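Novice: Just dropping this structure here.
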Amino acid sequence: MKTALGRFALTLVLLAACGDPSAVVAQTGGRGSFATAPAQQLQLPDQLREISGLAVSPDGRLFAHDDERAVIYELDAARGAIVKRFVLGNPILTGDFEGLAITPGGVFWLTTSEGEVYRFAEGADGAHAPYHTFDSGLDELCEVEGLAYLPSEESLILACKRNKARSMRGTVSLYLWPFSGEAEEWRSLPEQEIAATAGVAEFRPSSVEMDPASGHILLLSANDAAFAELDAGGRLLSARALDRSHVQPEGVTVLPEGSLVISDEASGGRPLLTRYARVP
């Protein structure tokens, strides 16, 4: 009996490793909120080769940012075109920028991998916007790669790609930062749980977002091109490997009409913007 059960479990893992969506359903008990096949995929302008995080403004516009320079782009989600761009500072602020969030009041927030957070207002096309700098206190704990706004707590979620603390290694960790002081651990679960369900070797968050329709936590992993959906309490609902067109998925957000959007850095090709429809 044990041998038969062991063979059954191994079959599920092998199916997941091949990216079979039905294997994900079998392991998690749910299919997730979004379709597994892209509804639309657009090649982005070459200026967006280093596209990283995504966020949607209160009035429904899509914004993105550059990885190494503090350049903020407004994008046309239907065409993949740049509507406008503005930068932080004069001269332009540089760093390792890893996540963008916009509050209901229209305040923009940008984080670096060291957990340094910048607050600023939207600038006009070509403008150099002033900013304020804050320290989330995460630099000694982890490498940050993802930022989202959590309405219920009026705070920011910071996702850790790599944990520096030995006790947290092998854990997907999300921290909450209420715009001041130090961030505190909010949600965590074993990395292997997500990776095995998605059928990938590793799951290291590259982006985080809150789904306004369901209240679920959405996580993206660039290393192995995978996507996961957690409930509000941090329990894994579904996980899957992404379509093979995704080479380096770095940003995720939800458009006002409910579909999921993922941005990919160029990584030797062209930067991409991919839309997945919401399933009923």
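Numbering starts fresh at 1 for the residues of each chain in the structure tokens, the chains themselves are lettered A, B, ... in the order given, and ligands are numbered from 1 as they appear.
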So that I can see what lies close to Ile217 in chain A, please list as a list in words the residues with an atom at most 9 Å from it, counting only C-alpha atoms and leaving out residues fewer than 6 positions away in the same chain.
Specialist: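 My list of contacting residues is Val208, Glu209, Met210, Asp211, Ala228, Glu229, Leu230, Asp231, Ala232, Gly233 and Gly234 of chain A.
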Novice: If DSSP is run on the backbone, what residues of range 145-182 of chain A are strand (DSSP E or B)? A reply as a list of chain:residue names would be ideal.
Specialist: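 Matching residues, listed in order: A:Glu145, A:Gly146, A:Leu147, A:Ala148, A:Tyr149, A:Leu150, A:Ser155, A:Leu156, A:Ile157, A:Leu158, A:Ala159, A:Cys160, A:Lys161, A:Arg162, A:Asn163, A:Thr171, A:Val172, A:Ser173, A:Leu174, A:Tyr175, A:Leu176, A:Trp177.
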Novice: Could you take the residues named above and write them with N, CA and C atoms, as a JSON list (two decimals), in the first residue's frame?
Specialist:
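Okay, this is what ended up in result_36.json:
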[["chain", "number", "residue", "atom", "x", "y", "z"],
["A", 145, "GLU", "N", 12.27, 41.89, -3.16],
["A", 145, "GLU", "CA", 11.95, 41.93, -4.59],
["A", 145, "GLU", "C", 10.45, 41.83, -4.78],
["A", 146, "GLY", "N", 9.77, 42.90, -4.45],
["A", 146, "GLY", "CA", 8.33, 42.94, -4.62],
["A", 146, "GLY", "C", 7.70, 43.88, -3.62],
["A", 147, "LEU", "N", 6.70, 44.65, -4.10],
["A", 147, "LEU", "CA", 6.04, 45.64, -3.26],
["A", 147, "LEU", "C", 4.58, 45.73, -3.65],
["A", 148, "ALA", "N", 3.69, 45.81, -2.66],
["A", 148, "ALA", "CA", 2.25, 45.94, -2.93],
["A", 148, "ALA", "C", 1.60, 46.69, -1.79],
["A", 149, "TYR", "N", 0.44, 47.27, -2.06],
["A", 149, "TYR", "CA", -0.32, 47.97, -1.03],
["A", 149, "TYR", "C", -1.41, 47.04, -0.49],
["A", 150, "LEU", "N", -1.53, 46.98, 0.84],
["A", 150, "LEU", "CA", -2.54, 46.16, 1.50],
["A", 150, "LEU", "C", -3.60, 47.09, 2.11],
["A", 155, "SER", "N", -1.02, 49.49, 4.74],
["A", 155, "SER", "CA", 0.43, 49.26, 4.84],
["A", 155, "SER", "C", 0.95, 48.71, 3.51],
["A", 156, "LEU", "N", 2.26, 48.63, 3.41],
["A", 156, "LEU", "CA", 2.90, 48.05, 2.24],
["A", 156, "LEU", "C", 3.37, 46.62, 2.56],
["A", 157, "ILE", "N", 3.23, 45.73, 1.57],
["A", 157, "ILE", "CA", 3.78, 44.38, 1.66],
["A", 157, "ILE", "C", 5.11, 44.37, 0.92],
["A", 158, "LEU", "N", 6.14, 43.86, 1.57],
["A", 158, "LEU", "CA", 7.44, 43.69, 0.92],
["A", 158, "LEU", "C", 7.74, 42.19, 0.85],
["A", 159, "ALA", "N", 8.00, 41.70, -0.35],
["A", 159, "ALA", "CA", 8.28, 40.28, -0.56],
["A", 159, "ALA", "C", 9.78, 40.05, -0.59],
["A", 160, "CYS", "N", 10.23, 39.00, 0.08],
["A", 160, "CYS", "CA", 11.66, 38.67, 0.13],
["A", 160, "CYS", "C", 12.00, 37.60, -0.90],
["A", 161, "LYS", "N", 13.00, 37.89, -1.73],
["A", 161, "LYS", "CA", 13.47, 36.91, -2.71],
["A", 161, "LYS", "C", 14.41, 35.91, -2.06],
["A", 162, "ARG", "N", 15.32, 36.41, -1.24],
["A", 162, "ARG", "CA", 16.27, 35.55, -0.53],
["A", 162, "ARG", "C", 16.34, 36.00, 0.93],
["A", 163, "ASN", "N", 16.20, 35.05, 1.83],
["A", 163, "ASN", "CA", 16.31, 35.35, 3.26],
["A", 163, "ASN", "C", 17.76, 35.22, 3.71],
["A", 171, "THR", "N", 12.14, 29.58, 3.14],
["A", 171, "THR", "CA", 10.81, 30.10, 3.43],
["A", 171, "THR", "C", 10.49, 31.27, 2.51],
["A", 172, "VAL", "N", 9.30, 31.30, 1.97],
["A", 172, "VAL", "CA", 8.81, 32.48, 1.25],
["A", 172, "VAL", "C", 8.23, 33.42, 2.30],
["A", 173, "SER", "N", 8.84, 34.59, 2.44],
["A", 173, "SER", "CA", 8.50, 35.51, 3.53],
["A", 173, "SER", "C", 7.96, 36.82, 3.00],
["A", 174, "LEU", "N", 6.85, 37.26, 3.57],
["A", 174, "LEU", "CA", 6.25, 38.55, 3.25],
["A", 174, "LEU", "C", 6.22, 39.38, 4.51],
["A", 175, "TYR", "N", 6.62, 40.65, 4.39],
["A", 175, "TYR", "CA", 6.67, 41.55, 5.53],
["A", 175, "TYR", "C", 5.69, 42.70, 5.32],
["A", 176, "LEU", "N", 5.21, 43.26, 6.43],
["A", 176, "LEU", "CA", 4.30, 44.38, 6.40],
["A", 176, "LEU", "C", 5.00, 45.62, 6.96],
["A", 177, "TRP", "N", 4.89, 46.72, 6.23],
["A", 177, "TRP", "CA", 5.52, 47.97, 6.65],
["A", 177, "TRP", "C", 4.47, 49.08, 6.63]]
Novice: Find the spatial neighbours of Ala78 in chain A, counting only C-alpha atoms, within a cut-off of 10 Å - ignore same-chain residues fewer than 6 positions away - and output them as a list in words.
Specialist: Gln40, Gln41, Leu42, Leu273 and Arg275 of chain A
Novice: Can you write just those residues out, C-alpha atoms, as a compact mmCIF listing (two decimals), in the first residue's frame?
Specialist:
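result00.txt, freshly written:
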# COMPACT_ATOMS: atom_id res chain seq x y z
CA GLN A 40 -2.70 38.64 -25.10
CA GLN A 41 1.06 39.10 -25.27
CA LEU A 42 2.70 42.31 -26.43
CA LEU A 273 3.59 42.43 -21.34
CA ARG A 275 -2.36 39.42 -19.99
Novice: Got a sec: who's within 7 Å of Asp125 in chain A, counting only C-alpha atoms, leaving out chain neighbours fewer than 3 positions off, as a list in words?
Specialist: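 Result of the neighbour search: Lys84, Arg85 and Phe86 of chain A.
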Novice: Quick one: everything within 12 Å of Leu54 in chain A, counting only C-alpha atoms, minus sequence neighbours fewer than 6 positions away in the same chain. Send it as a short mmCIF file (atom, residue, chain, number, x, y, z; two decimals) with C-alpha atoms, in the first residue's frame.
Specialist:
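As written to disk, out_33.cif reads:
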data_model
loop_
_atom_site.label_atom_id
_atom_site.label_comp_id
_atom_site.auth_asym_id
_atom_site.auth_seq_id
_atom_site.Cartn_x
_atom_site.Cartn_y
_atom_site.Cartn_z
CA ARG A 61 -3.77 53.49 -15.40
CA LEU A 62 -0.88 51.01 -15.64
CA PHE A 63 2.58 52.02 -14.40
CA ALA A 64 5.97 50.29 -14.50
CA HIS A 65 9.50 51.08 -13.44
CA ASP A 66 13.07 50.47 -14.57
CA ASP A 67 15.37 48.08 -12.70
CA ILE A 72 8.55 55.52 -13.92
CA TYR A 73 6.55 54.71 -17.06
CA GLU A 74 2.84 54.98 -17.73
CA LEU A 75 1.89 52.25 -20.20
CA ALA A 77 -2.03 48.17 -21.40
CA PHE A 97 14.72 48.94 -7.83
CA GLU A 98 12.45 45.96 -7.28
CA GLY A 99 8.82 46.95 -6.71
CA LEU A 100 6.20 49.64 -7.25
CA ALA A 101 2.95 50.32 -5.37
CA ILE A 102 0.34 53.08 -5.56
CA PHE A 108 3.62 56.26 -5.36
CA TRP A 109 6.07 53.99 -3.52
CA LEU A 110 9.22 52.34 -4.90
CA GLY A 146 8.33 42.94 -4.62
CA LEU A 147 6.04 45.64 -3.26
CA ALA A 148 2.25 45.94 -2.93
CA TYR A 149 -0.32 47.97 -1.03
CA SER A 206 10.15 38.56 -7.86
CA SER A 207 6.85 40.41 -7.38
CA VAL A 208 3.80 40.53 -5.10
CA GLU A 209 0.34 41.98 -5.59
CA MET A 210 -3.05 41.94 -3.87
CA LEU A 220 5.56 35.74 -9.14
CA PRO A 249 8.83 37.60 -15.30
CA GLU A 250 9.48 40.51 -12.94
CA GLY A 251 6.19 42.34 -12.39
CA VAL A 252 2.58 41.43 -11.72
CA THR A 253 -0.62 43.40 -11.18
CA VAL A 254 -4.37 43.25 -11.82
CA LEU A 255 -6.09 45.55 -14.31
CA LEU A 260 -3.76 39.58 -14.59
CA VAL A 261 -0.80 41.32 -16.23
CA ILE A 262 2.84 40.14 -16.07
CA SER A 263 5.92 42.01 -17.31
CA ASP A 264 9.10 40.28 -18.51
CA LEU A 273 3.59 42.43 -21.34
CA THR A 274 1.28 39.40 -21.00
#
Novice: Take CA of Asp46 in chain A and CA of Ala266 in chain A and report the distance between them in Å, one decimal.
Specialist: 8.4 Å
Novice: Hey, which of A:Leu141, A:Ala201, A:Val71, A:Ala81 ends up closest to Glu122 in chain A? Count only C-alpha atoms.
Specialist: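 When distances to Glu122 in chain A are compared using only C-alpha atoms, the smallest one comes from A:Val71.
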Novice: Set the distance at 6 Å and use only C-alpha atoms: which residues neighbour Arg240 in chain A once local chain neighbours fewer than 2 positions away are removed? I'd like the list as a PyMOL selection string.
Specialist: chain A and resi 198+226-227
Novice: For the residues selected in the previous step, produce a file with C-alpha atoms as a compact mmCIF listing (two decimals), in the first residue's frame.
Specialist:
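Contents of result.txt, freshly written:
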# COMPACT_ATOMS: atom_id res chain seq x y z
CA ALA A 198 4.15 24.51 -9.51
CA ALA A 226 6.13 30.50 -11.95
CA PHE A 227 3.00 32.04 -10.45
